[in-house]
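Text of the file entry-v5.cif, holding mmCIF, C-alpha atoms; chains and numbers go by the auth columns:
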data_input
loop_
_atom_site.group_PDB
_atom_site.id
_atom_site.type_symbol
_atom_site.label_atom_id
_atom_site.label_comp_id
_atom_site.label_asym_id
_atom_site.label_seq_id
_atom_site.Cartn_x
_atom_site.Cartn_y
_atom_site.Cartn_z
_atom_site.B_iso_or_equiv
_atom_site.auth_seq_id
_atom_site.auth_asym_id
ATOM 1 C CA MET A 1 43.491 -38.412 -17.074 0.00 8 A
ATOM 2 C CA ASN A 2 40.084 -37.820 -18.603 0.00 9 A
ATOM 3 C CA ASN A 3 39.643 -34.306 -20.117 0.00 10 A
ATOM 4 C CA THR A 4 35.986 -34.623 -21.010 0.00 11 A
ATOM 5 C CA THR A 5 33.457 -32.574 -19.112 0.00 12 A
ATOM 6 C CA THR A 6 29.962 -33.589 -18.342 0.00 13 A
ATOM 7 C CA THR A 7 27.004 -31.369 -17.748 0.00 14 A
ATOM 8 C CA SER A 8 24.200 -32.375 -15.556 0.00 15 A
ATOM 9 C CA LYS A 9 20.783 -32.086 -17.050 0.00 16 A
ATOM 10 C CA SER A 10 18.644 -29.591 -15.124 0.00 17 A
ATOM 11 C CA PRO A 11 15.151 -30.608 -14.104 0.00 18 A
ATOM 12 C CA THR A 12 12.454 -29.775 -16.598 0.00 19 A
ATOM 13 C CA THR A 13 9.064 -28.304 -15.900 0.00 20 A
ATOM 14 C CA PRO A 14 5.806 -29.540 -17.405 0.00 21 A
ATOM 15 C CA ALA A 15 5.878 -26.567 -19.810 0.00 22 A
ATOM 16 C CA GLU A 16 9.292 -27.661 -21.087 0.00 23 A
ATOM 17 C CA ASN A 17 8.107 -31.224 -21.533 0.00 24 A
ATOM 18 C CA SER A 18 5.068 -30.131 -23.524 0.00 25 A
ATOM 19 C CA GLY A 19 7.085 -27.975 -25.903 0.00 26 A
ATOM 20 C CA GLU A 20 5.737 -24.668 -24.527 0.00 27 A
ATOM 21 C CA ARG A 21 8.246 -21.834 -24.412 0.00 28 A
ATOM 22 C CA LEU A 22 8.355 -18.549 -22.580 0.00 29 A
ATOM 23 C CA ARG A 23 7.479 -15.977 -25.182 0.00 30 A
ATOM 24 C CA LEU A 24 6.235 -12.421 -25.111 0.00 31 A
ATOM 25 C CA ASP A 25 2.780 -11.660 -26.458 0.00 32 A
ATOM 26 C CA GLU A 26 3.552 -9.848 -29.723 0.00 33 A
ATOM 27 C CA GLY A 27 -0.036 -8.600 -29.989 0.00 34 A
ATOM 28 C CA ALA A 28 0.219 -6.912 -26.593 0.00 35 A
ATOM 29 C CA LEU A 29 3.547 -5.350 -27.587 0.00 36 A
ATOM 30 C CA GLU A 30 1.931 -3.901 -30.714 0.00 37 A
ATOM 31 C CA ALA A 31 -1.061 -2.653 -28.684 0.00 38 A
ATOM 32 C CA ALA A 32 1.371 -0.898 -26.306 0.00 39 A
ATOM 33 C CA LYS A 33 2.494 1.237 -29.273 0.00 40 A
ATOM 34 C CA LYS A 34 -1.010 2.696 -29.522 0.00 41 A
ATOM 35 C CA SER A 35 -3.064 4.866 -27.134 0.00 42 A
ATOM 36 C CA LEU A 36 -0.046 6.893 -26.091 0.00 43 A
ATOM 37 C CA GLU A 37 -2.293 9.265 -24.118 0.00 44 A
ATOM 38 C CA SER A 38 -2.701 6.409 -21.597 0.00 45 A
ATOM 39 C CA GLY A 39 0.892 6.845 -20.436 0.00 46 A
ATOM 40 C CA ALA A 40 2.077 3.825 -18.475 0.00 47 A
ATOM 41 C CA VAL A 41 -1.308 2.092 -18.659 0.00 48 A
ATOM 42 C CA THR A 42 -0.923 -0.634 -21.267 0.00 49 A
ATOM 43 C CA PRO A 43 -3.393 -3.337 -22.316 0.00 50 A
ATOM 44 C CA SER A 44 -1.820 -5.722 -19.796 0.00 51 A
ATOM 45 C CA TYR A 45 -3.847 -3.974 -17.065 0.00 52 A
ATOM 46 C CA GLY A 46 -6.912 -5.560 -18.595 0.00 53 A
ATOM 47 C CA PRO A 47 -10.158 -5.172 -16.688 0.00 54 A
ATOM 48 C CA TRP A 48 -8.420 -4.590 -13.349 0.00 55 A
ATOM 49 C CA ARG A 49 -7.410 -0.933 -13.717 0.00 56 A
ATOM 50 C CA GLU A 50 -10.712 0.513 -12.457 0.00 57 A
ATOM 51 C CA ASP A 51 -10.818 -1.929 -9.521 0.00 58 A
ATOM 52 C CA ILE A 52 -7.251 -1.046 -8.573 0.00 59 A
ATOM 53 C CA ILE A 53 -8.043 2.674 -8.739 0.00 60 A
ATOM 54 C CA SER A 54 -11.063 2.092 -6.474 0.00 61 A
ATOM 55 C CA LEU A 55 -8.954 0.149 -3.951 0.00 62 A
ATOM 56 C CA LEU A 56 -6.309 2.887 -4.031 0.00 63 A
ATOM 57 C CA ASN A 57 -8.891 5.632 -3.487 0.00 64 A
ATOM 58 C CA ASP A 58 -10.216 3.838 -0.401 0.00 65 A
ATOM 59 C CA ALA A 59 -6.649 3.454 0.863 0.00 66 A
ATOM 60 C CA LEU A 60 -6.095 7.169 0.160 0.00 67 A
ATOM 61 C CA ALA A 61 -9.151 8.014 2.292 0.00 68 A
ATOM 62 C CA THR A 62 -7.712 5.812 5.051 0.00 69 A
ATOM 63 C CA GLU A 63 -4.348 7.581 4.943 0.00 70 A
ATOM 64 C CA ILE A 64 -6.016 11.010 5.107 0.00 71 A
ATOM 65 C CA VAL A 65 -8.173 10.004 8.095 0.00 72 A
ATOM 66 C CA CYS A 66 -5.090 8.529 9.793 0.00 73 A
ATOM 67 C CA THR A 67 -3.161 11.754 9.181 0.00 74 A
ATOM 68 C CA LEU A 68 -5.990 13.775 10.747 0.00 75 A
ATOM 69 C CA ARG A 69 -6.231 11.442 13.757 0.00 76 A
ATOM 70 C CA TYR A 70 -2.466 11.539 14.372 0.00 77 A
ATOM 71 C CA LYS A 71 -2.417 15.347 14.009 0.00 78 A
ATOM 72 C CA ARG A 72 -5.241 15.737 16.527 0.00 79 A
ATOM 73 C CA HIS A 73 -3.455 13.448 18.952 0.00 80 A
ATOM 74 C CA TYR A 74 -0.187 15.328 18.416 0.00 81 A
ATOM 75 C CA PHE A 75 -1.793 18.640 19.372 0.00 82 A
ATOM 76 C CA THR A 76 -3.901 17.320 22.278 0.00 83 A
ATOM 77 C CA ALA A 77 -1.639 14.736 23.981 0.00 84 A
ATOM 78 C CA LYS A 78 -1.029 15.576 27.640 0.00 85 A
ATOM 79 C CA GLY A 79 0.797 13.859 30.480 0.00 86 A
ATOM 80 C CA LEU A 80 4.317 12.972 31.600 0.00 87 A
ATOM 81 C CA ALA A 81 5.093 10.714 28.654 0.00 88 A
ATOM 82 C CA SER A 82 3.184 12.842 26.173 0.00 89 A
ATOM 83 C CA PRO A 83 5.969 15.056 24.712 0.00 90 A
ATOM 84 C CA LYS A 84 7.933 12.046 23.406 0.00 91 A
ATOM 85 C CA ILE A 85 4.804 10.223 22.222 0.00 92 A
ATOM 86 C CA ALA A 86 3.282 13.390 20.737 0.00 93 A
ATOM 87 C CA GLU A 87 6.432 13.899 18.669 0.00 94 A
ATOM 88 C CA GLU A 88 6.048 10.345 17.336 0.00 95 A
ATOM 89 C CA PHE A 89 2.384 11.064 16.551 0.00 96 A
ATOM 90 C CA LEU A 90 3.619 13.941 14.367 0.00 97 A
ATOM 91 C CA VAL A 91 6.199 11.675 12.675 0.00 98 A
ATOM 92 C CA HIS A 92 3.450 9.124 11.988 0.00 99 A
ATOM 93 C CA ALA A 93 1.136 11.857 10.666 0.00 100 A
ATOM 94 C CA ASN A 94 3.805 12.980 8.219 0.00 101 A
ATOM 95 C CA GLU A 95 4.441 9.396 7.109 0.00 102 A
ATOM 96 C CA GLU A 96 0.706 8.805 6.584 0.00 103 A
ATOM 97 C CA THR A 97 0.622 11.986 4.484 0.00 104 A
ATOM 98 C CA ALA A 98 3.494 10.630 2.377 0.00 105 A
ATOM 99 C CA HIS A 99 1.585 7.345 1.934 0.00 106 A
ATOM 100 C CA GLY A 100 -1.450 9.290 0.718 0.00 107 A
ATOM 101 C CA ASP A 101 0.712 11.213 -1.732 0.00 108 A
ATOM 102 C CA MET A 102 2.158 7.961 -3.122 0.00 109 A
ATOM 103 C CA LEU A 103 -1.333 6.531 -3.557 0.00 110 A
ATOM 104 C CA ALA A 104 -2.687 9.693 -5.219 0.00 111 A
ATOM 105 C CA GLU A 105 0.259 9.770 -7.611 0.00 112 A
ATOM 106 C CA ARG A 106 -0.289 6.125 -8.545 0.00 113 A
ATOM 107 C CA ILE A 107 -4.014 6.719 -9.119 0.00 114 A
ATOM 108 C CA VAL A 108 -3.140 9.479 -11.590 0.00 115 A
ATOM 109 C CA GLN A 109 -0.540 7.253 -13.290 0.00 116 A
ATOM 110 C CA LEU A 110 -3.293 4.677 -13.793 0.00 117 A
ATOM 111 C CA GLY A 111 -5.483 7.287 -15.470 0.00 118 A
ATOM 112 C CA GLY A 112 -7.761 7.821 -12.489 0.00 119 A
ATOM 113 C CA GLU A 113 -8.548 10.752 -10.247 0.00 120 A
ATOM 114 C CA PRO A 114 -7.595 10.760 -6.575 0.00 121 A
ATOM 115 C CA ASP A 115 -10.732 11.213 -4.445 0.00 122 A
ATOM 116 C CA PHE A 116 -10.081 13.863 -1.798 0.00 123 A
ATOM 117 C CA GLU A 117 -13.808 14.544 -1.278 0.00 124 A
ATOM 118 C CA PRO A 118 -14.014 15.566 2.409 0.00 125 A
ATOM 119 C CA THR A 119 -17.655 14.586 2.865 0.00 126 A
ATOM 120 C CA THR A 120 -16.989 10.905 2.080 0.00 127 A
ATOM 121 C CA LEU A 121 -13.526 10.407 3.624 0.00 128 A
ATOM 122 C CA VAL A 122 -14.674 8.740 6.835 0.00 129 A
ATOM 123 C CA GLU A 123 -17.120 6.374 5.132 0.00 130 A
ATOM 124 C CA ARG A 124 -14.484 5.318 2.562 0.00 131 A
ATOM 125 C CA SER A 125 -11.703 4.950 5.139 0.00 132 A
ATOM 126 C CA HIS A 126 -10.887 1.522 6.512 0.00 133 A
ATOM 127 C CA ALA A 127 -9.784 3.111 9.814 0.00 134 A
ATOM 128 C CA ASP A 128 -11.757 5.319 12.177 0.00 135 A
ATOM 129 C CA TYR A 129 -11.124 8.884 13.258 0.00 136 A
ATOM 130 C CA ASP A 130 -10.627 9.285 17.000 0.00 137 A
ATOM 131 C CA ALA A 131 -10.969 12.295 19.270 0.00 138 A
ATOM 132 C CA SER A 132 -9.710 10.721 22.506 0.00 139 A
ATOM 133 C CA THR A 133 -8.074 13.002 25.068 0.00 140 A
ATOM 134 C CA ASP A 134 -6.492 10.282 27.229 0.00 141 A
ATOM 135 C CA LEU A 135 -2.967 9.363 26.077 0.00 142 A
ATOM 136 C CA GLN A 136 -3.462 5.598 26.476 0.00 143 A
ATOM 137 C CA ALA A 137 -6.761 5.796 24.561 0.00 144 A
ATOM 138 C CA MET A 138 -4.957 7.698 21.777 0.00 145 A
ATOM 139 C CA ILE A 139 -2.262 5.044 21.573 0.00 146 A
ATOM 140 C CA ARG A 140 -4.873 2.282 21.537 0.00 147 A
ATOM 141 C CA ALA A 141 -6.962 4.008 18.822 0.00 148 A
ATOM 142 C CA ASN A 142 -3.880 4.492 16.667 0.00 149 A
ATOM 143 C CA LEU A 143 -2.812 0.879 17.170 0.00 150 A
ATOM 144 C CA VAL A 144 -6.259 -0.349 16.126 0.00 151 A
ATOM 145 C CA ALA A 145 -6.110 1.860 13.022 0.00 152 A
ATOM 146 C CA GLU A 146 -2.616 0.599 12.123 0.00 153 A
ATOM 147 C CA ARG A 147 -3.744 -3.011 12.519 0.00 154 A
ATOM 148 C CA VAL A 148 -6.738 -2.321 10.259 0.00 155 A
ATOM 149 C CA ALA A 149 -4.402 -0.695 7.702 0.00 156 A
ATOM 150 C CA ILE A 150 -2.069 -3.704 7.870 0.00 157 A
ATOM 151 C CA GLU A 151 -4.968 -6.043 7.174 0.00 158 A
ATOM 152 C CA ALA A 152 -6.336 -3.844 4.364 0.00 159 A
ATOM 153 C CA TYR A 153 -2.940 -3.507 2.643 0.00 160 A
ATOM 154 C CA SER A 154 -2.265 -7.238 3.022 0.00 161 A
ATOM 155 C CA GLN A 155 -5.580 -8.040 1.355 0.00 162 A
ATOM 156 C CA MET A 156 -4.984 -5.493 -1.416 0.00 163 A
ATOM 157 C CA ILE A 157 -1.543 -6.966 -2.122 0.00 164 A
ATOM 158 C CA ARG A 158 -3.060 -10.446 -2.409 0.00 165 A
ATOM 159 C CA LEU A 159 -5.911 -9.193 -4.619 0.00 166 A
ATOM 160 C CA ILE A 160 -3.620 -7.274 -6.973 0.00 167 A
ATOM 161 C CA GLY A 161 -0.993 -10.030 -7.113 0.00 168 A
ATOM 162 C CA ASP A 162 0.665 -9.870 -10.523 0.00 169 A
ATOM 163 C CA LYS A 163 -2.074 -7.726 -12.098 0.00 170 A
ATOM 164 C CA ASP A 164 -0.081 -4.527 -11.374 0.00 171 A
ATOM 165 C CA SER A 165 3.426 -5.041 -10.024 0.00 172 A
ATOM 166 C CA THR A 166 4.120 -1.312 -9.586 0.00 173 A
ATOM 167 C CA THR A 167 1.066 -0.782 -7.391 0.00 174 A
ATOM 168 C CA ARG A 168 1.854 -3.966 -5.477 0.00 175 A
ATOM 169 C CA ARG A 169 5.381 -2.694 -4.693 0.00 176 A
ATOM 170 C CA ILE A 170 3.992 0.653 -3.510 0.00 177 A
ATOM 171 C CA LEU A 171 1.517 -1.129 -1.243 0.00 178 A
ATOM 172 C CA GLU A 172 4.251 -3.425 0.112 0.00 179 A
ATOM 173 C CA SER A 173 6.357 -0.382 0.966 0.00 180 A
ATOM 174 C CA ILE A 174 3.459 1.291 2.782 0.00 181 A
ATOM 175 C CA LEU A 175 2.600 -1.972 4.553 0.00 182 A
ATOM 176 C CA SER A 176 6.135 -2.231 5.898 0.00 183 A
ATOM 177 C CA GLN A 177 5.901 1.224 7.454 0.00 184 A
ATOM 178 C CA GLU A 178 2.438 0.529 8.887 0.00 185 A
ATOM 179 C CA GLN A 179 3.856 -2.575 10.567 0.00 186 A
ATOM 180 C CA GLU A 180 6.624 -0.442 12.122 0.00 187 A
ATOM 181 C CA HIS A 181 3.999 1.993 13.417 0.00 188 A
ATOM 182 C CA ALA A 182 1.997 -0.830 14.978 0.00 189 A
ATOM 183 C CA GLU A 183 5.092 -2.213 16.726 0.00 190 A
ATOM 184 C CA GLU A 184 5.938 1.205 18.192 0.00 191 A
ATOM 185 C CA LEU A 185 2.382 1.756 19.388 0.00 192 A
ATOM 186 C CA SER A 186 2.225 -1.714 20.880 0.00 193 A
ATOM 187 C CA ASP A 187 5.455 -1.039 22.789 0.00 194 A
ATOM 188 C CA TRP A 188 4.008 2.217 24.170 0.00 195 A
ATOM 189 C CA LEU A 189 0.935 0.418 25.475 0.00 196 A
ATOM 190 C CA THR A 190 3.151 -1.815 27.607 0.00 197 A
ATOM 191 C CA GLU A 191 5.384 0.991 28.961 0.00 198 A
#

Represent the supplied structure as structure tokens.
Amino acid sequence: MNNTTTTSKSPTTPAENSGERLRLDEGALEAAKKSLESGAVTPSYGPWREDIISLLNDALATEIVCTLRYKRHYFTAKGLASPKIAEEFLVHANEETAHGDMLAERIVQLGGEPDFEPTTLVERSHADYDASTDLQAMIRANLVAERVAIEAYSQMIRLIGDKDSTTRRILESILSQEQEHAEELSDWLTE
């Protein structure tokens, strides 16, 4: 009986073949020890921090406009199916508010200021406000807004990529909930 063991050689990557190794950037680690007033914002954010803050502020405007639209629809929905749907409009409004809070908190963590300026909300928002009074028109307007939000968050996630993993995870979480909203609204249109 043979008691020797053999190990299979794992495949190598081009970096392994060229002698490159995975190593941390010691200079960046040293730089992280400075500028403590910047909190979590380290030099690894590079030139992207301001762009990310701008994207987040536009998303914040979108969430505020969506909250206002859902609230209006909650209070004005009428018809046989409206009590159940109106209650869901309120749930969605509260979830959009929570999204806005997450975005505002992240903006502050990045050293920015959340832009709650009422006079520019609609122009900065990706989604439109809607004052429909017909229940089907409300559902349709909200579905359009959710689809726009899904597209905007998908693009933001791609743009941010690995430049800011914390922001990316926040956006992915919001995107998931926006997709749920769109599915619910789509189902209501067919009922």

Q.
Take the PyMOL selection byres ((chain A and resi 66) around 9), run it mentally on this structure, and tell me the resulting residues as a VMD selection string.
A. chain A and resid 61 to 65 67 to 71 107 110 131 to 133 156 159 to 160

(Q) Which residues are near A:Arg147? Cut-off 9 Å, all atoms listed in the file, ignore same chain within fewer than 4 positions. Put them as a PyMOL selection string. (A) chain A and resi 142-143+151-152+192-193+196

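Residue neighbourhood of A:Glu57, excluding near-sequence residues (fewer than 6 positions): Leu63, Ile114, Leu117, Gly118 and Gly119 of chain A, at 10 Å, using all atoms listed in the file.
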
Q) Which residue gives the smallest distance to A:Asp122 among A:Ile146, A:Glu198, A:Glu27, A:Ile60, with all atoms listed in the file counted? A) A:Ile60

Q: Give as number ranges by chain the residues that the PyMOL selection byres ((chain A and resi 182) around 12) matches when applied to the coordinates above.
A: A: 66, 70, 102-103, 106, 153-164, 175-181, 183-189

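Using only C-alpha atoms, the shortest contact distance between A:Ser172 and any of A:Ser89, A:Glu190, A:Ala84, A:Arg113 is found at A:Arg113.
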